[in-house]
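Quick look at final_38.cif (mmCIF, C-alpha atoms):
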```
data_input
loop_
_atom_site.label_atom_id
_atom_site.label_comp_id
_atom_site.auth_asym_id
_atom_site.auth_seq_id
_atom_site.Cartn_x
_atom_site.Cartn_y
_atom_site.Cartn_z
CA THR A 1 100.29 71.81 71.65
CA SER A 2 99.42 75.07 73.42
CA LYS A 3 95.76 76.10 73.15
CA MET A 4 93.74 79.15 73.97
CA VAL A 5 92.10 78.03 77.18
CA SER A 6 88.95 80.12 76.83
CA LYS A 7 86.75 77.31 78.16
CA LEU A 8 88.73 77.42 81.37
CA TYR A 9 87.10 80.71 82.26
CA ASN A 10 83.49 79.62 81.75
CA LYS A 11 83.39 79.00 85.51
CA SER A 12 85.26 82.21 86.25
CA SER A 13 83.61 85.22 87.88
CA ASN A 14 85.20 87.36 85.17
CA LYS A 15 84.15 86.31 81.66
CA ASN A 16 84.42 89.42 79.51
CA PHE A 17 88.10 89.71 78.56
CA LYS A 18 89.42 91.44 75.47
CA HIS A 19 92.58 89.43 76.00
CA ASN A 20 92.93 85.81 77.07
CA ILE A 21 96.12 84.13 78.20
CA LYS A 22 97.34 81.12 76.27
CA PHE A 23 97.92 78.36 78.83
CA ASN A 24 99.18 74.93 77.84
CA ASN A 25 97.50 71.74 79.05
CA GLU A 26 99.66 71.40 82.18
CA GLU A 27 98.96 74.98 83.18
CA GLN A 28 95.24 74.57 82.42
CA ASN A 29 95.05 71.49 84.66
CA TYR A 30 96.90 73.31 87.45
CA ILE A 31 94.48 76.26 87.30
CA GLN A 32 91.49 73.91 87.30
CA GLN A 33 92.78 72.43 90.56
CA ILE A 34 93.02 75.92 92.03
CA GLN A 35 89.47 76.65 90.88
CA LYS A 36 88.19 73.46 92.51
CA LYS A 37 89.83 74.57 95.76
CA GLY A 38 88.36 78.04 95.31
CA PHE A 39 91.33 80.10 96.49
CA ILE A 40 95.05 80.70 96.20
CA THR A 41 97.26 81.62 99.16
CA VAL A 42 99.84 84.37 98.81
CA ALA A 43 102.41 85.35 101.42
CA THR A 44 103.52 88.96 101.71
CA ARG A 45 104.47 91.44 104.42
CA ASN A 46 102.77 94.50 105.81
CA SER A 47 104.18 97.59 104.08
CA SER A 48 102.96 100.58 102.10
CA VAL A 49 104.15 99.04 98.81
CA THR A 50 102.90 95.48 99.34
CA TYR A 51 99.87 95.18 101.64
CA PHE A 52 98.78 97.92 104.00
CA LYS A 53 95.52 98.11 105.94
CA LYS A 54 94.55 101.74 106.44
CA LYS A 55 92.64 103.25 109.36
CA ASP A 56 89.42 103.31 107.34
CA GLY A 57 89.70 99.54 106.77
CA ASN A 58 90.65 99.75 103.11
CA ILE A 59 93.75 97.94 101.91
CA SER A 60 96.38 99.48 99.64
CA GLY A 61 99.62 98.28 98.10
CA PHE A 62 100.84 97.12 94.70
CA VAL A 63 100.97 93.44 95.67
CA TYR A 64 97.49 93.48 97.17
CA HIS A 65 95.83 95.00 94.13
CA ILE A 66 97.60 93.03 91.41
CA MET A 67 97.02 89.78 93.34
CA LYS A 68 93.32 90.58 93.67
CA ASP A 69 93.22 91.02 89.90
CA PHE A 70 95.08 87.74 89.41
CA GLY A 71 92.54 85.93 91.56
CA HIS A 72 89.70 87.63 89.69
CA TYR A 73 91.13 86.46 86.38
CA LEU A 74 91.24 82.86 87.62
CA GLY A 75 87.85 83.17 89.29
CA VAL A 76 89.12 82.37 92.80
CA ASN A 77 89.64 84.19 96.08
CA VAL A 78 93.09 85.29 97.19
CA ASN A 79 94.00 84.53 100.79
CA PHE A 80 96.82 86.74 102.05
CA LYS A 81 99.17 85.41 104.70
CA ILE A 82 100.90 88.42 106.25
CA VAL A 83 104.26 87.52 107.76
CA PRO A 84 107.51 89.24 108.80
CA PHE A 85 110.14 89.49 106.06
CA SER A 86 112.47 87.18 108.01
CA GLU A 87 109.92 84.34 107.84
CA TYR A 88 110.35 84.02 104.07
CA PHE A 89 113.68 82.24 104.47
CA THR A 90 113.53 80.18 107.69
CA LYS A 91 113.60 76.41 108.05
CA ASP A 92 112.34 74.92 111.31
CA GLY A 93 111.94 78.51 112.46
CA VAL A 94 115.62 79.41 111.95
CA PHE A 95 117.47 81.12 109.10
CA GLN A 96 120.10 78.72 107.83
CA LYS A 97 123.16 80.99 107.50
CA ARG A 98 125.03 78.31 105.57
CA ILE A 99 122.96 79.27 102.52
CA LEU A 100 124.90 82.54 102.27
CA THR A 101 128.29 80.90 101.74
CA ASP A 102 127.79 77.28 100.63
CA LEU A 103 127.01 77.27 96.90
CA ASN A 104 125.97 73.60 97.02
CA TYR A 105 123.55 74.00 99.92
CA SER A 106 119.80 74.51 99.55
CA TYR A 107 116.60 73.84 101.49
CA THR A 108 112.87 74.46 101.26
CA PRO A 109 111.78 77.26 103.63
CA ASP A 110 108.86 76.49 105.95
CA LEU A 111 106.63 79.24 104.56
CA ILE A 112 106.68 78.15 100.92
CA ARG A 113 105.31 74.76 102.01
CA LYS A 114 102.25 76.52 103.48
CA VAL A 115 101.44 78.99 100.69
CA ASP A 116 101.27 78.91 96.91
CA PHE A 117 103.85 81.65 96.44
CA ILE A 118 105.45 84.74 97.95
CA ALA A 119 104.64 88.10 96.35
CA ASP A 120 106.94 90.81 97.62
CA GLU A 121 109.87 92.94 96.52
CA LEU A 122 112.39 90.11 96.67
CA THR A 123 115.69 91.01 95.03
CA ILE A 124 116.88 88.00 93.05
CA VAL A 125 120.32 87.10 94.39
CA PRO A 126 122.17 83.75 94.08
CA TRP A 127 121.53 82.43 97.58
CA ARG A 128 117.80 83.05 97.24
CA GLU A 129 117.76 81.25 93.90
CA ARG A 130 118.90 78.15 95.78
CA LEU A 131 115.71 78.37 97.87
CA PHE A 132 113.06 79.36 95.32
CA ARG A 133 112.12 79.58 91.68
CA PHE A 134 111.62 83.25 90.80
CA ILE A 135 109.32 85.12 88.45
CA LYS A 136 110.97 88.39 87.42
CA ILE A 137 108.77 91.42 88.03
CA PHE A 138 110.82 94.58 87.43
CA LEU A 139 114.30 96.09 87.60
CA THR A 140 115.53 98.24 90.45
CA LYS A 141 118.68 99.62 92.09
CA ASP A 142 119.80 99.87 95.70
CA VAL A 143 119.99 103.47 96.90
CA PHE A 144 121.11 105.26 100.06
CA ILE A 145 118.63 107.42 101.99
CA SER A 146 119.70 109.98 104.60
CA ARG A 147 118.28 112.94 106.48
CA LYS A 148 117.77 116.06 104.37
CA GLY A 149 120.82 118.27 104.47
CA GLU A 150 123.05 115.31 105.33
CA GLU A 151 123.08 113.58 101.93
CA ILE A 152 126.28 111.79 100.91
CA LYS A 153 127.69 112.19 97.39
CA ASN A 154 130.06 109.21 97.24
CA ILE A 155 130.76 105.94 99.01
CA ASN A 156 133.79 107.31 100.88
CA GLU A 157 131.45 109.45 102.97
CA VAL A 158 129.85 106.33 104.49
CA MET A 159 132.71 105.92 106.94
CA ASN A 160 131.83 106.88 110.53
CA LYS A 161 128.13 106.68 109.67
CA THR A 162 125.68 104.03 110.88
CA ILE A 163 123.55 102.16 108.34
CA ALA A 164 120.13 100.85 109.42
CA ILE A 165 119.55 97.43 107.87
CA VAL A 166 117.27 94.38 108.09
CA PRO A 167 119.16 91.08 108.65
CA ASN A 168 119.35 88.74 105.62
CA SER A 169 118.08 91.43 103.25
CA SER A 170 119.67 91.63 99.81
CA PHE A 171 120.97 95.07 100.74
CA ILE A 172 123.54 93.41 102.99
CA THR A 173 124.95 91.60 99.95
CA THR A 174 125.33 94.94 98.17
CA LEU A 175 127.01 96.55 101.17
CA GLN A 176 129.38 93.62 101.62
CA LYS A 177 130.48 94.01 98.00
CA LEU A 178 131.12 97.69 98.65
CA GLU A 179 133.15 96.82 101.75
CA LYS A 180 135.38 94.56 99.66
CA THR A 181 135.71 97.18 96.92
CA THR A 182 136.63 99.98 99.32
CA ALA A 183 138.54 97.80 101.81
CA LYS A 184 136.46 99.40 104.57
CA GLN A 185 134.04 98.03 107.14
CA PHE A 186 130.71 99.74 107.66
CA LYS A 187 128.83 100.15 110.92
CA TYR A 188 125.31 98.66 111.07
CA LEU A 189 122.20 99.02 113.18
CA TYR A 190 120.04 95.91 112.71
CA VAL A 191 116.26 96.32 112.87
CA GLU A 192 113.34 93.96 112.35
CA LYS A 193 111.32 95.68 109.62
CA PHE A 194 112.16 97.80 106.57
CA ILE A 195 109.99 100.64 107.87
CA ASP A 196 112.16 100.59 111.00
CA THR A 197 115.19 101.55 108.90
CA TYR A 198 113.40 104.77 107.93
CA LYS A 199 112.37 105.39 111.53
CA ALA A 200 115.94 104.82 112.74
CA VAL A 201 117.37 107.43 110.37
CA SER A 202 114.53 109.88 111.04
CA GLU A 203 115.04 109.50 114.81
CA ARG A 204 118.86 109.86 114.45
CA LYS A 205 119.56 106.34 115.67
CA ALA A 206 121.28 105.74 112.30
CA ASP A 207 122.58 107.96 109.52
CA LEU A 208 121.75 105.98 106.38
CA LEU A 209 119.44 103.26 105.11
CA VAL A 210 119.27 101.28 101.88
CA ASP A 211 116.11 100.69 99.85
CA ASP A 212 114.97 99.72 96.36
CA SER A 213 114.84 102.73 94.06
CA ASN A 214 111.24 102.00 93.07
CA ALA A 215 110.01 102.02 96.68
CA VAL A 216 111.73 105.21 97.78
CA GLY A 217 109.16 107.68 96.45
CA ALA A 218 106.20 105.97 98.11
CA THR A 219 107.91 105.56 101.49
CA LEU A 220 109.45 109.05 101.61
CA LYS A 221 105.94 110.51 101.59
CA SER A 222 105.72 109.38 105.22
CA PHE A 223 109.21 110.70 106.03
CA PRO A 224 109.53 114.25 104.62
CA ASP A 225 112.72 114.79 106.64
CA LEU A 226 114.57 112.12 104.62
CA ASN A 227 115.97 112.24 101.10
CA TYR A 228 117.51 110.12 98.35
CA CYS A 229 121.35 110.19 98.16
CA ILE A 230 123.12 107.93 95.65
CA SER A 231 122.70 104.60 93.88
CA ILE A 232 125.01 101.87 95.17
CA SER A 233 124.28 98.95 92.87
CA GLU A 234 123.75 97.98 89.27
CA LYS A 235 120.22 97.28 88.08
CA LYS A 236 118.84 93.98 89.36
CA TYR A 237 115.57 92.11 89.21
CA ILE A 238 112.86 92.03 91.83
CA GLY A 239 110.81 88.84 91.77
CA TRP A 240 108.08 86.69 93.29
CA ALA A 241 108.96 83.25 94.63
CA VAL A 242 107.41 79.79 94.20
CA LYS A 243 108.70 76.41 95.32
CA LYS A 244 111.90 75.48 93.56
CA ASP A 245 110.28 72.61 91.63
CA ASN A 246 107.02 74.39 90.75
CA LYS A 247 107.68 75.25 87.11
CA ILE A 248 103.99 75.26 86.24
CA LEU A 249 102.88 77.94 88.70
CA ALA A 250 105.94 80.01 87.77
CA ALA A 251 104.88 79.85 84.11
CA ILE A 252 101.28 80.81 84.97
CA LEU A 253 102.44 83.85 86.94
CA HIS A 254 104.85 84.85 84.19
CA LYS A 255 102.07 84.74 81.60
CA TYR A 256 99.70 86.64 83.86
CA LEU A 257 102.25 89.42 84.37
CA HIS A 258 102.69 89.70 80.61
CA TYR A 259 98.90 89.99 80.33
CA ALA A 260 98.84 92.62 83.12
CA HIS A 261 101.40 94.69 81.21
CA GLU A 262 99.48 94.37 77.93
CA THR A 263 96.15 95.40 79.45
CA GLY A 264 97.53 98.26 81.57
CA THR A 265 96.66 96.56 84.87
CA PHE A 266 100.30 96.50 85.98
CA ALA A 267 100.85 100.16 85.10
CA LYS A 268 97.69 101.26 86.93
CA HIS A 269 98.57 99.55 90.21
CA TRP A 270 102.21 100.62 89.88
CA SER A 271 101.18 104.25 89.46
CA ASP A 272 98.71 104.08 92.36
CA THR A 273 101.43 102.78 94.70
CA PHE A 274 104.69 104.27 93.50
CA GLY A 275 103.47 107.39 91.70
#
```
What does this structure look like when you write it as structure tokens?
Amino acid sequence: TSKMVSKLYNKSSNKNFKHNIKFNNEEQNYIQQIQKKGFITVATRNSSVTYFKKKDGNISGFVYHIMKDFGHYLGVNVNFKIVPFSEYFTKDGVFQKRILTDLNYSYTPDLIRKVDFIADELTIVPWRERLFRFIKIFLTKDVFISRKGEEIKNINEVMNKTIAIVPNSSFITTLQKLEKTTAKQFKYLYVEKFIDTYKAVSERKADLLVDDSNAVGATLKSFPDLNYCISISEKKYIGWAVKKDNKILAAILHKYLHYAHETGTFAKHWSDTFG
């Protein structure tokens, strides 16, 4: 039987809640183990919408702030492991390309063995669901970004243009679907980081980039010469990832996110980051 685990927070650094989360016994025991350890480890990447250390030493980003609140709720510290996006999916240091085409193939990425979970803007697509268990965070769409004055109005205008893209990003899946639909092959410039796609278009090394619709506003503030063009996908979920078999932590995070929505915590950090 599920119980209100108010006693769980007697040891917490944050005791004065108007709302408490109802955790079942399994979830309560899991959190008590985290509290004994004193910290939880979260992997994310360095970006303006996740975790970004500013020149004055302060840290901004939606993921950073909502994770700090999560740790505060549990009464533990949050250790951030900042890694490149590509490291989320590697095994023995290498991305296993078979995962993209073999529906029966799966593996446990190296990183998720070293951290409790990954908190980033991870689009939930089938091949990633064979690697992780996801907690849905919000809906988004893939959109094209170009230089101002060079915006495209339909997909046919993509021909003869170069698209800056990060390898193994979910945007590639979207673009491959468009290639099949239009019977055309696009030209790509592969870069290491998502911010590099913006730089490539701004510096005229590429003509277009793809990003999540929610992130565009925040990132375009740093690139006033770029502009939103068109949506190129249906709505899809962004999520955080835990180990495939870790149902308990997934449930805890799901309940915390519901709590964050109810209390306005989610909306506050969303507004601070995305506007």
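Taking all atoms listed in the file into account, those protein, DNA and RNA residues with any atom at most 10 Å away from (109.9, 73.9, 89.4) amount to Phe132, Arg133, Phe134, Val242, Lys243, Lys244, Asp245, Asn246, Lys247, Ile248, Leu249, Ala250 and Ala251 of chain A.
Those residues returned by the PyMOL selection byres ((chain A and resi 139) around 9) for this file are A:Lys136, A:Ile137, A:Phe138, A:Thr140, A:Lys141, A:Asn214, A:Lys235, A:Lys236, A:Tyr237, A:Ile238.
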Requested in this report: Just say which residues the PyMOL selection byres ((chain A and resi 175) around 10) picks in this file, as a ChimeraX atom specification.
Outcome: /A:142,163,170-174,176-181,185-186,210,232-233
Query raised in the report: When the PyMOL selection byres ((chain A and resi 65) around 12) is applied to the file above, which residues end up in the set, as JSON, numbers by chain?
Result: {"A": [49, 50, 51, 52, 58, 59, 60, 61, 62, 63, 64, 66, 67, 68, 69, 70, 71, 72, 78, 80, 119, 260, 265, 266, 267, 268, 269, 270, 271, 272, 273]}
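With distances restricted to only C-alpha atoms, A:Phe144 is the closest residue to Ser213 of chain A from A:Tyr198, A:Phe144, A:Asn168, A:Arg98.
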Query raised in the report: Taking all atoms listed in the file into account, which of A:Val94, A:Ala218, A:Ile21, A:Leu131 comes nearest Ile252 of chain A?
Result: A:Ile21
For Glu151 of chain A, please output as an mmCIF file with C-alpha atoms, in the frame of the given file all residues within 8 Å (counting all atoms listed in the file; exclusion window: fewer than 6 positions along the same chain).
```cif
data_model
loop_
_atom_site.group_PDB
_atom_site.id
_atom_site.type_symbol
_atom_site.label_atom_id
_atom_site.label_comp_id
_atom_site.auth_asym_id
_atom_site.auth_seq_id
_atom_site.Cartn_x
_atom_site.Cartn_y
_atom_site.Cartn_z
ATOM 1 C CA ILE A 145 118.630 107.420 101.990
ATOM 2 C CA ASN A 227 115.970 112.240 101.100
ATOM 3 C CA TYR A 228 117.510 110.120 98.350
ATOM 4 C CA CYS A 229 121.350 110.190 98.160
#
```
Kindly provide, as a PDB file with C-alpha atoms, keeping the file's coordinate frame, the polymer residues lying within 12 Å of (107.7, 86.1, 108.9), counting all atoms listed in the file and using the coordinates exactly as they appear in the file.
```pdb
ATOM      1  CA  ALA A  43     102.410  85.350 101.420  1.00  0.00           C
ATOM      2  CA  THR A  44     103.520  88.960 101.710  1.00  0.00           C
ATOM      3  CA  ARG A  45     104.470  91.440 104.420  1.00  0.00           C
ATOM      4  CA  ASN A  46     102.770  94.500 105.810  1.00  0.00           C
ATOM      5  CA  LYS A  81      99.170  85.410 104.700  1.00  0.00           C
ATOM      6  CA  ILE A  82     100.900  88.420 106.250  1.00  0.00           C
ATOM      7  CA  VAL A  83     104.260  87.520 107.760  1.00  0.00           C
ATOM      8  CA  PRO A  84     107.510  89.240 108.800  1.00  0.00           C
ATOM      9  CA  PHE A  85     110.140  89.490 106.060  1.00  0.00           C
ATOM     10  CA  SER A  86     112.470  87.180 108.010  1.00  0.00           C
ATOM     11  CA  GLU A  87     109.920  84.340 107.840  1.00  0.00           C
ATOM     12  CA  TYR A  88     110.350  84.020 104.070  1.00  0.00           C
ATOM     13  CA  PHE A  89     113.680  82.240 104.470  1.00  0.00           C
ATOM     14  CA  THR A  90     113.530  80.180 107.690  1.00  0.00           C
ATOM     15  CA  LYS A  91     113.600  76.410 108.050  1.00  0.00           C
ATOM     16  CA  GLY A  93     111.940  78.510 112.460  1.00  0.00           C
ATOM     17  CA  VAL A  94     115.620  79.410 111.950  1.00  0.00           C
ATOM     18  CA  PHE A  95     117.470  81.120 109.100  1.00  0.00           C
ATOM     19  CA  PRO A 109     111.780  77.260 103.630  1.00  0.00           C
ATOM     20  CA  ASP A 110     108.860  76.490 105.950  1.00  0.00           C
ATOM     21  CA  LEU A 111     106.630  79.240 104.560  1.00  0.00           C
ATOM     22  CA  ILE A 112     106.680  78.150 100.920  1.00  0.00           C
ATOM     23  CA  ILE A 118     105.450  84.740  97.950  1.00  0.00           C
ATOM     24  CA  GLU A 192     113.340  93.960 112.350  1.00  0.00           C
ATOM     25  CA  LYS A 193     111.320  95.680 109.620  1.00  0.00           C
TER      26      LYS A 193
END
```
Query raised in the report: Suppose you want the space between atom CA of Ala200 of chain A and atom CA of Ala164 of chain A; what is it in Å?
Result: 6.7 Å
Query - Residue neighbourhood Ser146 of chain A, 12 Å, all atoms listed in the file, exclusion window fewer than 3 positions, as a PyMOL selection string - result: chain A and resi 143+149-153+157-158+161-164+197-211+216+220+223-230
